[in-house]
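Written below as structure tokens is the structure these notes are about.
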Amino acid sequence: MLTPAPAQFGFEKSRQAFERACTLMPGGVNSPARAFGAVGGHPLFIQRGTGPFLVDIDGNHYLDYIGSWGPMILGHAHPVVIDAIQKAAEQGTSFGAPTGRESELAQLIIDAIPSVEKVRLVSSGTEATMSAIRLARGATGREKIVKFAGNYHGHADSLLVAAGSSAANLGVPDSPGVTSGTSRDTIVLDYNDTAAINRLFDEMGNQIAAVILEPVVGNMGLVLPDSQFLLTLRKRTEASGTVLIFDEVMTGFRVAYSGAQSRLGIKPDLTTLGKIVGGGLPLGAYGGRRDLMDHVLPAGKVFQAGTLSGNPLATAAGIATLKLLRDQSPYDYLEQQAQRLATGLSEAAQAAGVPHRMQRMGSMMTLFFIDEDVVDWPSAAKADRKKFAAYFWGLVRHGVYMPCSQFEALFFSATHTPEHIEYTIDAAKKVLATLSAT
Ligand SMILES: *Cc1c(COP(=O)(O)O)cnc(C)c1O
């Protein structure tokens with residue numbers, strides 16, 4: 001059994017592995033958030049994960065607060081999930097034909113999330129949001145969509161505008177390769193800007209196919225929705241026949257088993273899922289009102305397909321994970337630990353005289369190095385990224401692996417014990433004390 005401890009074996013093997021990877025893959029990674037671009041230095045190469053811990057190839061172990069960017073709410077290598085994957089693998093890994101497990105997972109999703117009456121399984125969060133947008137356009141016959149600055153919905157062209165953490169760190173909010181024609185149909189507003197919603201819908205509500213948002217934002221750091229903002233969105237989209245899409249790829253099964261929508265009391269038309277729903281394997285989903293979902297091929301005419309959709313291993317991992325979450329309901333425990341962690345981290349910053357804001361929902365939170373509330377991307381962007389980078393590396397040396405960007409939320413798991421949380425707060429105290437002078 002691992003116990004929290006400082007990283008003591010150096011990072012040389014990771015450095016060499018990264019050097020090699022850089023000759024083989026763009027930037028040495030298969031997803032930019034992993035490259036440590038926002039905090040400097042090179043990424044740590046991971047050999048294995050167990051419960052709340054990651055072990056790198058130099059032999060250091062870390063309390064993990066990324067959790068694969070959200071999925072690992074039960075901790076790494078949960079024995080029940082691993083067993084389900086192994087049993088499934090022995091029966092074959094892909095058939096391109098229907099399996100019972102797809103219906104089993106669909107049923108679990110529909111039972112969990114009341115606004116979802118029918119669901120389609122895909123292989124990633126990106127595919128889920130991309131398909132939901134296509135469905136909204138196909139069902140309404142309209143072209144314009146609305147998204148919010150700092151919200152990330154995966155990397156489909158039409159959604160890759162003002163797209164939060166990864167894009168922000170690269171300094172390219174609009175990616176090269178996205179055509180001006182594509183981005184012209186995407187209207188970007190500031191999060192929590194209720195007046196802007198009203199103005200837009202007064203002017204052209206009947207041209208807007210969909211509004212997509214993170215109901216609680218994780219991708220510009222944790223930002224909570226104003227209740228008036230959400231109510232206005234629901235009211236105006238309903239009145240104009242616009243599809244309201246909650247992107248719950250991050251929040252689904254995280255802030256509550258039934259997603260952020262259950263805590264916020266708003267029913268979207270469509271919901272996109274990913275991360276936890278696949279239990280650590282590649283799986284996403286989009287679902288919602290039956291009449292809308294029945295526009296999807298082959299029930300309807302909106303095309304969407306996937307060779308590996310509903311993959312046997314991914315559905316096995318997803319089913320095992322959702323059943324554990326449903327039956328063991330770790331959410332009260334996570335809430336208690338999250339309260340303690342949030343309080344401990346802000347007290348540590350307070351004691352060190354470091355200006356900050358702690359923003360949280362359930363077991364996702366961000367300690368912003370900033371002296372004002374963060375409500376949207378313009379306010380988030382004022383955070384002190386240099387201070388964050390020093391905080392990040394300080395924690396790594398204490399054996400605590402936080403998200404490697406100021407504009408990401410941290411996540412932890414049901415396997416993080418109260419002792420792990422206290423160790424983390426203690427490490428943060430030490431690190432923040434050294435930062436107060438800067
Ligand atoms: C991670 C994420 C996505 C993209 O999911 P992928 O599986 O990485 O394609 C979409 N939306 C939100 C809110 C996310 O956090």
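Chain identifiers are assigned as A, B, and so on, following the order in which chains appear in the structure tokens; residues are numbered from 1 within each chain, and ligands are numbered from 1 in order of appearance.
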
Q | Protein and nucleic acid residues within 9 Å of ligand 1 (only C-alpha atoms and all ligand atoms) as JSON, numbers by chain | A | {"A": [31, 69, 70, 123, 124, 125, 126, 127, 128, 129, 151, 152, 153, 154, 155, 156, 213, 214, 215, 216, 217, 218, 219, 246, 247, 248, 249, 250, 251, 272, 273, 274, 275, 282, 283, 284]}

Q. Near range 37-42 of chain A, within 7 Å and counting only C-alpha atoms, which residues show up once chain neighbours fewer than 3 positions away are dropped, as a PyMOL selection string?
A. chain A and resi 15+18+169+389+404-405

Q: Choose the residue, out of A:Met204, A:Met220, A:Ile110, A:Ile212, that has the smallest atom-to-atom separation from Ser240 in chain A; count only C-alpha atoms.
A: A:Met204

**Q.** DSSP-assigned strand (DSSP E) among range 173-408 of chain A, expressed as a PyMOL selection string
**A.** chain A and resi 186-189+208-213+243-247+270-273+284-288+357-361+364-368+400-401

Run DSSP on the backbone of this structure and report the residues of range 276-346 of chain A it assigns to helix (DSSP H, G or I), as a PDB file with C-alpha atoms, in the first residue's frame.
```pdb
ATOM      1  CA  ILE A 276     -16.954   8.782 -16.067  1.00  0.00           C
ATOM      2  CA  VAL A 277     -19.613   7.078 -18.241  1.00  0.00           C
ATOM      3  CA  GLY A 278     -16.853   4.990 -19.851  1.00  0.00           C
ATOM      4  CA  ARG A 290     -37.210  11.005 -27.411  1.00  0.00           C
ATOM      5  CA  ASP A 291     -38.655  13.078 -30.277  1.00  0.00           C
ATOM      6  CA  LEU A 292     -35.263  14.695 -30.845  1.00  0.00           C
ATOM      7  CA  MET A 293     -33.251  11.466 -30.564  1.00  0.00           C
ATOM      8  CA  PRO A 312     -17.718  -4.342 -25.556  1.00  0.00           C
ATOM      9  CA  LEU A 313     -14.825  -3.372 -23.273  1.00  0.00           C
ATOM     10  CA  ALA A 314     -15.945   0.231 -22.907  1.00  0.00           C
ATOM     11  CA  THR A 315     -19.531  -0.707 -22.113  1.00  0.00           C
ATOM     12  CA  ALA A 316     -18.297  -3.306 -19.578  1.00  0.00           C
ATOM     13  CA  ALA A 317     -16.185  -0.650 -17.821  1.00  0.00           C
ATOM     14  CA  GLY A 318     -19.015   1.887 -17.993  1.00  0.00           C
ATOM     15  CA  ILE A 319     -21.620  -0.518 -16.596  1.00  0.00           C
ATOM     16  CA  ALA A 320     -19.354  -1.630 -13.737  1.00  0.00           C
ATOM     17  CA  THR A 321     -18.545   1.996 -12.872  1.00  0.00           C
ATOM     18  CA  LEU A 322     -22.122   3.291 -12.989  1.00  0.00           C
ATOM     19  CA  LYS A 323     -23.429   0.357 -10.949  1.00  0.00           C
ATOM     20  CA  LEU A 324     -20.820   0.946  -8.244  1.00  0.00           C
ATOM     21  CA  LEU A 325     -21.666   4.660  -8.207  1.00  0.00           C
ATOM     22  CA  ARG A 326     -25.396   3.952  -8.097  1.00  0.00           C
ATOM     23  CA  ASP A 327     -25.218   1.274  -5.386  1.00  0.00           C
ATOM     24  CA  GLN A 328     -22.435   2.682  -3.189  1.00  0.00           C
ATOM     25  CA  TYR A 331     -21.249  11.405  -3.312  1.00  0.00           C
ATOM     26  CA  ASP A 332     -21.795  12.355   0.352  1.00  0.00           C
ATOM     27  CA  TYR A 333     -18.306  11.163   1.170  1.00  0.00           C
ATOM     28  CA  LEU A 334     -16.850  13.066  -1.789  1.00  0.00           C
ATOM     29  CA  GLU A 335     -18.743  16.195  -0.731  1.00  0.00           C
ATOM     30  CA  GLN A 336     -17.343  16.018   2.822  1.00  0.00           C
ATOM     31  CA  GLN A 337     -13.789  15.501   1.611  1.00  0.00           C
ATOM     32  CA  ALA A 338     -14.197  18.225  -0.989  1.00  0.00           C
ATOM     33  CA  GLN A 339     -15.383  20.693   1.647  1.00  0.00           C
ATOM     34  CA  ARG A 340     -12.352  19.906   3.770  1.00  0.00           C
ATOM     35  CA  LEU A 341      -9.958  20.150   0.814  1.00  0.00           C
ATOM     36  CA  ALA A 342     -11.447  23.422  -0.435  1.00  0.00           C
ATOM     37  CA  THR A 343     -11.355  24.992   3.018  1.00  0.00           C
ATOM     38  CA  GLY A 344      -7.848  23.702   3.686  1.00  0.00           C
ATOM     39  CA  LEU A 345      -6.448  24.985   0.389  1.00  0.00           C
ATOM     40  CA  SER A 346      -7.977  28.447   0.749  1.00  0.00           C
TER      41      SER A 346
END
```
